[in-house]
Amino acid sequence: MENFVLNDLGYPELTLLLVIPLIGILFLAFLRDPKKIRVVALVTSLVELVASLPLFFYFDPSTYKMQFVEGPYPWIGTFNIHYTVGVDGISLLMVLLTTLLMPICILCSWRAIDKKVKGFMSALLIMETGMIGVFVALDFVLFYVFWEGMLIPMYLIIGIWGGPNRLYAAMKFFLYTLAGSLLLLVAMISLYFAGGKTFDIVTLMTVHYPPGFQLWIFLAFFMAFAIKVPMFPFHTWLPDAHVEAPTAGSVLLASVLLKMGAYGFLRFCLPVLPEATLAFTPVILSLSVIAIVYGAYMALAQNDLKKLIAYSSVSHMGFVTLGIFVMNTQGVEGALLQMINHGITTGGLFLLVGMVYDRTHSRMIADYGGIARPMPRYGAMLTIFAFSSLGLPGMNSFVGEFLVLLGTFMTHRGMAVIATLGVILAAVYILWMVQRVLFGPVTKPGNAGLADLELREMVVLVPLLVLVFWFGFYPNPLLNFLHATVSHLLEQVNAAGSPPPLADQLINGELFKGLL
C-alpha cells in the first residue's frame, strides 16, 4: 500500500463510475419509446459526470501515488488476477474528459439517430464503462478486458449507424485494433511470468527486466499502442472510420479512443520498459515528426470536410507522441495537455461537421460555400474551434503544442524545426477550409435557407467552447495535476541509464537473447 494514497470518500468512487452506465442500460432494457430512451441515456450520462467531480476536488496533486484505490480484491485466484482500480494525475484527466463528452455525444445524436435508438444509446453507455475502465485499471488483465471490450460497441456504432461504406470501415477498424490487441496479450503474458507471476501494474513497474527481453516486449506494446494512436504508418484505418462513423462515434474516436494508445505508452512502455523505451526513442521521434507533416499535408489535399479533420488528428497526435518521447517535463506535460486539448477541439469540429451534414446531407467542402450568411452562429463556432485547432495563442491547443515544441527544442532541435512545419501547414489547411466553407458567395441555392444552430446544438458546443478559452488562458489547473506524476515517471525512465543503440544490440546478439 506504500504506492497508494487513501482518499476517503466513504464509498467506492471508481467502481461507481464503472457501474452507473451499466445501470442505465438496465433501465433502457425496459423501454421502447425512443424519446424516453434518449432521456434515460442522457440522465445516466449526466449522473456519471456529476459522480466523477469528486475526483477533481479530492485529488491530491502533490503526490505521484495512485489515489482513490480500490482493491486488490481476488478475481481469478489461480493466476493471481485481482480487481484493482485507481487513478493518478495522468489517468484522472482522461476520466474527466470521458465523462464530460458522453452527455455531449448523446445530445448530438438526439435527432441524427432515429433507428435502433436503444441499441445506439446502449452501445454509447457500454463504451463509457470501457473507456473509464481502461484509465482506472491497475491489474493488467482488468485493463485488457476493458481495452478489448470497447472494440465491439465501436464496431457496432460504425457498422450499424455509419455511412454508405460503414461495413468496410468497421471491419478495417476491428481488424487493425484486434491485431494490436493480440500482440498486447502476448506481451502481457510474458510480463506475468517474467515479473513474478503477477498482473499488478504497479508491481510490474518495480521489476527490472533484461534489456533484450524489454526490446521484444516493447515491440509488441508499440504495435498495439501505435495502431490505436494511430501513428504513421498504422493510421490508414482512421480516415475511413471517421468518415463513416456517426457524429458521436467520431467524437469518441477522436477525443478518447485515440488517446488510449498514448496512455498505453505512458502507463506501460516508459515505467515498465525504460531501457527499451530509450533505445527506441529515435525511431518513434522520427515517426512522430513524419506523422505531423504527413497528416497536415494530407489534410490540405482533402475535399471532404470530415476526412480533413481526420487527417488533422493524425498530425495532432504526432505532437502527442513527439512530446512523450522527448523525455523531459515540458514535452511530456505538453503531450498530456495536447491529449486533452485535442479531445476538446477536434470533438467540437466533428460536432460542427455533423450539424451541417444533418442540414445538407453532404460532407464536401465545395457544397458549403458562404454558409456564414444564413448561419452566423455556426460560422462563429466553426471559426473559434478552427483557430483552436491551428494553435492560436489564447486558445487551448497553443499551450500543449508550445510545450511539446519547447521540450523537443531542448533535446532535438532539428526535429523541433521540422515539427514546426506542421503548425504552418495547419494554418494553411484550416484557414483555407474556413474560407471555403463560410465565406464568399453561397455556392448552392439551397444553402441560403439553412437554419442556424438551435438551442440544443448550442448547449452541446458551449461547454467545449468554455474549455477552449479557459485552458488557453489558464492551463495551471491541468498542469498542477500532472507535475508530480510526470516527474516520477521521468525519474523511472532516467534511472535505467542509457542503453546501447539498437544496432549494437542486434550485432552482439542481445536482441535475440531476449527472444530466446
# chains A, B, ... in the order shown; residues from 1 in each chain; ligands from 1
>>> residues_around(residues="segment 157-167 of chain A", least_positions_apart="3", cutoff="6 Å", atoms="only C-alpha atoms", output="number ranges by chain")
A: 154, 170, 244-246
>>> select_by_dssp(residues="segment 106-319 of chain A", states="strand (DSSP E or B)", output="PyMOL selection string")
chain A and resi 137+139+200+304
>>> closest_residue(among="A:Val87, A:Ile344, A:Ala299, A:Met381", to="Ile104 of chain A", atoms="only C-alpha atoms")
A:Ile344
>>> residues_around(residues="segment 255-268 of chain A", least_positions_apart="4", cutoff="7 Å", atoms="only C-alpha atoms", output="compact mmCIF listing (two decimals) with N, CA, C and O atoms, in the first residue's frame")
# COMPACT_ATOMS: atom_id res chain seq x y z
N THR A 98 -13.68 11.92 -20.47
CA THR A 98 -14.66 10.92 -20.92
C THR A 98 -16.05 11.21 -20.38
O THR A 98 -17.05 11.18 -21.12
N PHE A 225 -0.15 -0.01 -29.30
CA PHE A 225 -0.46 1.38 -28.99
C PHE A 225 -0.33 2.29 -30.21
O PHE A 225 -1.08 3.26 -30.34
N ALA A 226 0.63 1.99 -31.10
CA ALA A 226 0.79 2.82 -32.30
C ALA A 226 -0.42 2.69 -33.22
O ALA A 226 -0.82 3.67 -33.87
N LYS A 228 -3.43 2.21 -32.18
CA LYS A 228 -4.53 2.90 -31.51
C LYS A 228 -4.39 4.41 -31.64
O LYS A 228 -5.39 5.13 -31.68
N VAL A 229 -3.16 4.95 -31.68
CA VAL A 229 -2.97 6.41 -31.65
C VAL A 229 -3.69 7.14 -32.79
O VAL A 229 -4.41 8.11 -32.47
N PRO A 230 -3.59 6.82 -34.08
CA PRO A 230 -2.64 5.91 -34.71
C PRO A 230 -1.43 6.69 -35.22
O PRO A 230 -1.54 7.80 -35.68
N VAL A 251 -16.66 11.63 -32.51
CA VAL A 251 -16.22 12.41 -31.35
C VAL A 251 -15.50 11.51 -30.35
O VAL A 251 -14.41 11.82 -29.87
N VAL A 272 7.63 0.61 -17.25
CA VAL A 272 7.88 -0.83 -17.17
C VAL A 272 9.08 -1.22 -18.01
O VAL A 272 9.86 -2.11 -17.63
N THR A 321 2.84 12.01 -29.39
CA THR A 321 3.92 11.01 -29.28
C THR A 321 5.29 11.67 -29.30
O THR A 321 6.23 11.19 -28.64
N MET A 339 -3.28 15.92 -25.45
CA MET A 339 -4.29 14.86 -25.45
C MET A 339 -5.65 15.41 -25.04
O MET A 339 -6.68 15.13 -25.69
N HIS A 342 -6.77 18.25 -27.69
CA HIS A 342 -7.20 17.67 -28.96
C HIS A 342 -8.60 17.07 -28.81
O HIS A 342 -9.44 17.17 -29.72
N GLY A 343 -8.86 16.45 -27.67
CA GLY A 343 -10.20 15.90 -27.44
C GLY A 343 -11.26 16.96 -27.46
O GLY A 343 -12.37 16.76 -27.99
N ILE A 344 -10.96 18.12 -26.88
CA ILE A 344 -11.92 19.22 -26.84
C ILE A 344 -12.12 19.84 -28.22
O ILE A 344 -13.24 19.99 -28.71
N THR A 346 -10.99 18.88 -31.45
CA THR A 346 -11.40 18.01 -32.55
C THR A 346 -12.80 17.47 -32.32
O THR A 346 -13.57 17.29 -33.26
N GLY A 347 -13.14 17.20 -31.05
CA GLY A 347 -14.51 16.82 -30.75
C GLY A 347 -15.49 17.90 -31.19
O GLY A 347 -16.53 17.61 -31.79
>>> residues_around(residues="Ile20 of chain A", least_positions_apart="3", cutoff="8 Å", atoms="only C-alpha atoms", output="list in words")
Leu16, Leu17, Ile23, Gly24, Thr44, Val47 and Glu48 of chain A
>>> residues_around(residues="segment 484-494 of chain A", least_positions_apart="3", cutoff="8 Å", atoms="only C-alpha atoms", output="PyMOL selection string")
chain A and resi 61-65+88-90+270-271+274-275+278+327-329+332-333+481+497
>>> residues_around(residues="segment 116-131 of chain A", least_positions_apart="4", cutoff="6 Å", atoms="only C-alpha atoms", output="PDB file with all heavy atoms, in the first residue's frame")
ATOM      1  N   LEU A  18     -17.825   2.982 -12.950  1.00  0.00           N
ATOM      2  CA  LEU A  18     -17.913   1.851 -13.874  1.00  0.00           C
ATOM      3  C   LEU A  18     -19.323   1.268 -13.924  1.00  0.00           C
ATOM      4  O   LEU A  18     -19.742   0.727 -14.955  1.00  0.00           O
ATOM      5  CB  LEU A  18     -16.920   0.761 -13.459  1.00  0.00           C
ATOM      6  CG  LEU A  18     -15.433   1.126 -13.543  1.00  0.00           C
ATOM      7  CD1 LEU A  18     -14.588   0.006 -12.946  1.00  0.00           C
ATOM      8  CD2 LEU A  18     -15.024   1.401 -14.975  1.00  0.00           C
ATOM      9  N   PRO A  21     -23.111   3.581 -15.852  1.00  0.00           N
ATOM     10  CA  PRO A  21     -23.597   3.357 -17.225  1.00  0.00           C
ATOM     11  C   PRO A  21     -24.291   2.009 -17.392  1.00  0.00           C
ATOM     12  O   PRO A  21     -25.264   1.901 -18.156  1.00  0.00           O
ATOM     13  CB  PRO A  21     -22.321   3.434 -18.070  1.00  0.00           C
ATOM     14  CG  PRO A  21     -21.361   4.215 -17.245  1.00  0.00           C
ATOM     15  CD  PRO A  21     -21.655   3.850 -15.830  1.00  0.00           C
ATOM     16  N   ILE A  25     -28.141   1.100 -18.684  1.00  0.00           N
ATOM     17  CA  ILE A  25     -28.511   0.132 -19.722  1.00  0.00           C
ATOM     18  C   ILE A  25     -29.641  -0.770 -19.236  1.00  0.00           C
ATOM     19  O   ILE A  25     -30.538  -1.129 -20.003  1.00  0.00           O
ATOM     20  CB  ILE A  25     -27.277  -0.692 -20.137  1.00  0.00           C
ATOM     21  CG1 ILE A  25     -26.250   0.209 -20.822  1.00  0.00           C
ATOM     22  CG2 ILE A  25     -27.671  -1.838 -21.067  1.00  0.00           C
ATOM     23  CD1 ILE A  25     -24.935  -0.473 -21.104  1.00  0.00           C
ATOM     24  N   PHE A 146     -11.147  -4.348 -20.427  1.00  0.00           N
ATOM     25  CA  PHE A 146     -11.768  -3.082 -20.829  1.00  0.00           C
ATOM     26  C   PHE A 146     -11.264  -2.634 -22.210  1.00  0.00           C
ATOM     27  O   PHE A 146     -12.033  -2.107 -23.020  1.00  0.00           O
ATOM     28  CB  PHE A 146     -11.473  -1.997 -19.789  1.00  0.00           C
ATOM     29  CG  PHE A 146     -12.245  -2.149 -18.515  1.00  0.00           C
ATOM     30  CD1 PHE A 146     -11.599  -2.273 -17.301  1.00  0.00           C
ATOM     31  CD2 PHE A 146     -13.637  -2.179 -18.527  1.00  0.00           C
ATOM     32  CE1 PHE A 146     -12.310  -2.405 -16.129  1.00  0.00           C
ATOM     33  CE2 PHE A 146     -14.363  -2.315 -17.352  1.00  0.00           C
ATOM     34  CZ  PHE A 146     -13.707  -2.428 -16.149  1.00  0.00           C
ATOM     35  N   MET A 150     -14.144  -2.434 -25.600  1.00  0.00           N
ATOM     36  CA  MET A 150     -14.600  -1.288 -26.399  1.00  0.00           C
ATOM     37  C   MET A 150     -14.642  -1.574 -27.891  1.00  0.00           C
ATOM     38  O   MET A 150     -15.261  -0.818 -28.649  1.00  0.00           O
ATOM     39  CB  MET A 150     -13.682  -0.098 -26.150  1.00  0.00           C
ATOM     40  CG  MET A 150     -13.863   0.529 -24.792  1.00  0.00           C
ATOM     41  SD  MET A 150     -12.704   1.853 -24.587  1.00  0.00           S
ATOM     42  CE  MET A 150     -11.166   1.007 -24.872  1.00  0.00           C
ATOM     43  N   PRO A 153     -18.658  -2.403 -29.093  1.00  0.00           N
ATOM     44  CA  PRO A 153     -19.603  -1.297 -29.282  1.00  0.00           C
ATOM     45  C   PRO A 153     -19.179  -0.309 -30.353  1.00  0.00           C
ATOM     46  O   PRO A 153     -20.025   0.190 -31.106  1.00  0.00           O
ATOM     47  CB  PRO A 153     -19.677  -0.642 -27.896  1.00  0.00           C
ATOM     48  CG  PRO A 153     -18.508  -1.148 -27.150  1.00  0.00           C
ATOM     49  CD  PRO A 153     -18.188  -2.492 -27.696  1.00  0.00           C
TER      50      PRO A 153
END
>>> residues_around(residues="Leu390 of chain A", least_positions_apart="4", cutoff="10 Å", atoms="only C-alpha atoms", output="PyMOL selection string")
chain A and resi 312+316+345+385-386+395+397-398+401+422-431
>>> select_by_dssp(residues="segment 30-180 of chain A", states="helix (DSSP H, G or I)", output="PyMOL selection string")
chain A and resi 34-58+77-79+89-108+117-136+140-149+151-161+166-180
>>> closest_residue(among="A:Leu479, A:Cys269, A:Val141, A:Ile290", to="Met415 of chain A", atoms="only C-alpha atoms")
A:Ile290
>>> decode(residues="segment 475-489 of chain A", atoms="all heavy atoms", output="PDB file, in the first residue's frame")
ATOM      1  N   PRO A 475      -4.030  27.410 -18.020  1.00  0.00           N
ATOM      2  CA  PRO A 475      -3.876  25.944 -18.024  1.00  0.00           C
ATOM      3  C   PRO A 475      -3.362  25.373 -16.705  1.00  0.00           C
ATOM      4  O   PRO A 475      -3.215  24.164 -16.578  1.00  0.00           O
ATOM      5  CB  PRO A 475      -2.848  25.714 -19.132  1.00  0.00           C
ATOM      6  CG  PRO A 475      -2.004  26.951 -19.101  1.00  0.00           C
ATOM      7  CD  PRO A 475      -2.937  28.081 -18.739  1.00  0.00           C
ATOM      8  N   ASN A 476      -3.084  26.230 -15.707  1.00  0.00           N
ATOM      9  CA  ASN A 476      -2.497  25.751 -14.452  1.00  0.00           C
ATOM     10  C   ASN A 476      -3.290  24.637 -13.776  1.00  0.00           C
ATOM     11  O   ASN A 476      -2.684  23.723 -13.207  1.00  0.00           O
ATOM     12  CB  ASN A 476      -2.310  26.912 -13.478  1.00  0.00           C
ATOM     13  CG  ASN A 476      -0.977  27.618 -13.692  1.00  0.00           C
ATOM     14  OD1 ASN A 476      -0.148  27.145 -14.458  1.00  0.00           O
ATOM     15  ND2 ASN A 476      -0.779  28.745 -13.048  1.00  0.00           N
ATOM     16  N   PRO A 477      -4.632  24.688 -13.762  1.00  0.00           N
ATOM     17  CA  PRO A 477      -5.350  23.581 -13.110  1.00  0.00           C
ATOM     18  C   PRO A 477      -4.987  22.218 -13.676  1.00  0.00           C
ATOM     19  O   PRO A 477      -4.876  21.239 -12.928  1.00  0.00           O
ATOM     20  CB  PRO A 477      -6.825  23.925 -13.370  1.00  0.00           C
ATOM     21  CG  PRO A 477      -6.846  25.410 -13.489  1.00  0.00           C
ATOM     22  CD  PRO A 477      -5.566  25.761 -14.171  1.00  0.00           C
ATOM     23  N   LEU A 478      -4.779  22.134 -14.984  1.00  0.00           N
ATOM     24  CA  LEU A 478      -4.375  20.870 -15.589  1.00  0.00           C
ATOM     25  C   LEU A 478      -2.924  20.542 -15.247  1.00  0.00           C
ATOM     26  O   LEU A 478      -2.591  19.413 -14.881  1.00  0.00           O
ATOM     27  CB  LEU A 478      -4.555  20.926 -17.109  1.00  0.00           C
ATOM     28  CG  LEU A 478      -5.969  21.080 -17.647  1.00  0.00           C
ATOM     29  CD1 LEU A 478      -5.954  21.022 -19.171  1.00  0.00           C
ATOM     30  CD2 LEU A 478      -6.896  20.018 -17.100  1.00  0.00           C
ATOM     31  N   LEU A 479      -2.057  21.524 -15.359  1.00  0.00           N
ATOM     32  CA  LEU A 479      -0.635  21.283 -15.122  1.00  0.00           C
ATOM     33  C   LEU A 479      -0.369  20.873 -13.678  1.00  0.00           C
ATOM     34  O   LEU A 479       0.515  20.047 -13.410  1.00  0.00           O
ATOM     35  CB  LEU A 479       0.173  22.538 -15.474  1.00  0.00           C
ATOM     36  CG  LEU A 479       0.252  22.883 -16.963  1.00  0.00           C
ATOM     37  CD1 LEU A 479       0.883  24.248 -17.163  1.00  0.00           C
ATOM     38  CD2 LEU A 479       1.024  21.821 -17.726  1.00  0.00           C
ATOM     39  N   ASN A 480      -1.133  21.426 -12.741  1.00  0.00           N
ATOM     40  CA  ASN A 480      -0.933  21.070 -11.332  1.00  0.00           C
ATOM     41  C   ASN A 480      -1.181  19.586 -11.084  1.00  0.00           C
ATOM     42  O   ASN A 480      -0.531  18.977 -10.233  1.00  0.00           O
ATOM     43  CB  ASN A 480      -1.855  21.907 -10.448  1.00  0.00           C
ATOM     44  CG  ASN A 480      -1.398  23.350 -10.362  1.00  0.00           C
ATOM     45  OD1 ASN A 480      -0.236  23.670 -10.609  1.00  0.00           O
ATOM     46  ND2 ASN A 480      -2.311  24.245 -10.021  1.00  0.00           N
ATOM     47  N   PHE A 481      -2.143  19.010 -11.809  1.00  0.00           N
ATOM     48  CA  PHE A 481      -2.418  17.588 -11.650  1.00  0.00           C
ATOM     49  C   PHE A 481      -1.292  16.726 -12.201  1.00  0.00           C
ATOM     50  O   PHE A 481      -1.139  15.565 -11.822  1.00  0.00           O
ATOM     51  CB  PHE A 481      -3.723  17.215 -12.362  1.00  0.00           C
ATOM     52  CG  PHE A 481      -4.964  17.649 -11.633  1.00  0.00           C
ATOM     53  CD1 PHE A 481      -5.862  18.494 -12.232  1.00  0.00           C
ATOM     54  CD2 PHE A 481      -5.222  17.208 -10.353  1.00  0.00           C
ATOM     55  CE1 PHE A 481      -7.015  18.903 -11.568  1.00  0.00           C
ATOM     56  CE2 PHE A 481      -6.363  17.605  -9.676  1.00  0.00           C
ATOM     57  CZ  PHE A 481      -7.269  18.467 -10.282  1.00  0.00           C
ATOM     58  N   LEU A 482      -0.492  17.284 -13.113  1.00  0.00           N
ATOM     59  CA  LEU A 482       0.479  16.486 -13.854  1.00  0.00           C
ATOM     60  C   LEU A 482       1.881  16.507 -13.264  1.00  0.00           C
ATOM     61  O   LEU A 482       2.640  15.556 -13.454  1.00  0.00           O
ATOM     62  CB  LEU A 482       0.550  16.983 -15.306  1.00  0.00           C
ATOM     63  CG  LEU A 482      -0.736  16.886 -16.128  1.00  0.00           C
ATOM     64  CD1 LEU A 482      -0.523  17.519 -17.498  1.00  0.00           C
ATOM     65  CD2 LEU A 482      -1.175  15.439 -16.275  1.00  0.00           C
ATOM     66  N   HIS A 483       2.264  17.570 -12.565  1.00  0.00           N
ATOM     67  CA  HIS A 483       3.668  17.773 -12.186  1.00  0.00           C
ATOM     68  C   HIS A 483       4.265  16.574 -11.464  1.00  0.00           C
ATOM     69  O   HIS A 483       5.306  16.033 -11.858  1.00  0.00           O
ATOM     70  CB  HIS A 483       3.804  19.029 -11.320  1.00  0.00           C
ATOM     71  CG  HIS A 483       3.583  20.303 -12.051  1.00  0.00           C
ATOM     72  ND1 HIS A 483       4.004  20.517 -13.351  1.00  0.00           N
ATOM     73  CD2 HIS A 483       2.990  21.471 -11.663  1.00  0.00           C
ATOM     74  CE1 HIS A 483       3.680  21.732 -13.739  1.00  0.00           C
ATOM     75  NE2 HIS A 483       3.059  22.335 -12.730  1.00  0.00           N
ATOM     76  N   ALA A 484       3.624  16.148 -10.386  1.00  0.00           N
ATOM     77  CA  ALA A 484       4.201  15.079  -9.559  1.00  0.00           C
ATOM     78  C   ALA A 484       4.273  13.760 -10.315  1.00  0.00           C
ATOM     79  O   ALA A 484       5.293  13.050 -10.266  1.00  0.00           O
ATOM     80  CB  ALA A 484       3.389  14.917  -8.269  1.00  0.00           C
ATOM     81  N   THR A 485       3.205  13.434 -11.034  1.00  0.00           N
ATOM     82  CA  THR A 485       3.172  12.163 -11.757  1.00  0.00           C
ATOM     83  C   THR A 485       4.209  12.136 -12.875  1.00  0.00           C
ATOM     84  O   THR A 485       4.919  11.137 -13.055  1.00  0.00           O
ATOM     85  CB  THR A 485       1.767  11.917 -12.341  1.00  0.00           C
ATOM     86  OG1 THR A 485       0.799  11.983 -11.288  1.00  0.00           O
ATOM     87  CG2 THR A 485       1.693  10.560 -13.008  1.00  0.00           C
ATOM     88  N   VAL A 486       4.312  13.220 -13.623  1.00  0.00           N
ATOM     89  CA  VAL A 486       5.272  13.274 -14.730  1.00  0.00           C
ATOM     90  C   VAL A 486       6.703  13.244 -14.203  1.00  0.00           C
ATOM     91  O   VAL A 486       7.572  12.564 -14.768  1.00  0.00           O
ATOM     92  CB  VAL A 486       5.013  14.528 -15.594  1.00  0.00           C
ATOM     93  CG1 VAL A 486       6.163  14.733 -16.588  1.00  0.00           C
ATOM     94  CG2 VAL A 486       3.688  14.409 -16.330  1.00  0.00           C
ATOM     95  N   SER A 487       6.970  13.957 -13.125  1.00  0.00           N
ATOM     96  CA  SER A 487       8.330  13.955 -12.554  1.00  0.00           C
ATOM     97  C   SER A 487       8.743  12.543 -12.136  1.00  0.00           C
ATOM     98  O   SER A 487       9.870  12.110 -12.409  1.00  0.00           O
ATOM     99  CB  SER A 487       8.395  14.898 -11.355  1.00  0.00           C
ATOM    100  OG  SER A 487       8.158  16.233 -11.758  1.00  0.00           O
ATOM    101  N   HIS A 488       7.843  11.835 -11.479  1.00  0.00           N
ATOM    102  CA  HIS A 488       8.158  10.465 -11.062  1.00  0.00           C
ATOM    103  C   HIS A 488       8.332   9.548 -12.262  1.00  0.00           C
ATOM    104  O   HIS A 488       9.232   8.687 -12.268  1.00  0.00           O
ATOM    105  CB  HIS A 488       7.049   9.941 -10.153  1.00  0.00           C
ATOM    106  CG  HIS A 488       7.255   8.528  -9.702  1.00  0.00           C
ATOM    107  ND1 HIS A 488       8.280   8.148  -8.856  1.00  0.00           N
ATOM    108  CD2 HIS A 488       6.577   7.376 -10.002  1.00  0.00           C
ATOM    109  CE1 HIS A 488       8.223   6.856  -8.642  1.00  0.00           C
ATOM    110  NE2 HIS A 488       7.206   6.348  -9.323  1.00  0.00           N
ATOM    111  N   LEU A 489       7.508   9.730 -13.283  1.00  0.00           N
ATOM    112  CA  LEU A 489       7.611   8.907 -14.489  1.00  0.00           C
ATOM    113  C   LEU A 489       8.975   9.086 -15.145  1.00  0.00           C
ATOM    114  O   LEU A 489       9.626   8.103 -15.536  1.00  0.00           O
ATOM    115  CB  LEU A 489       6.495   9.283 -15.461  1.00  0.00           C
ATOM    116  CG  LEU A 489       6.449   8.551 -16.804  1.00  0.00           C
ATOM    117  CD1 LEU A 489       6.150   7.079 -16.597  1.00  0.00           C
ATOM    118  CD2 LEU A 489       5.388   9.185 -17.717  1.00  0.00           C
TER     119      LEU A 489
END
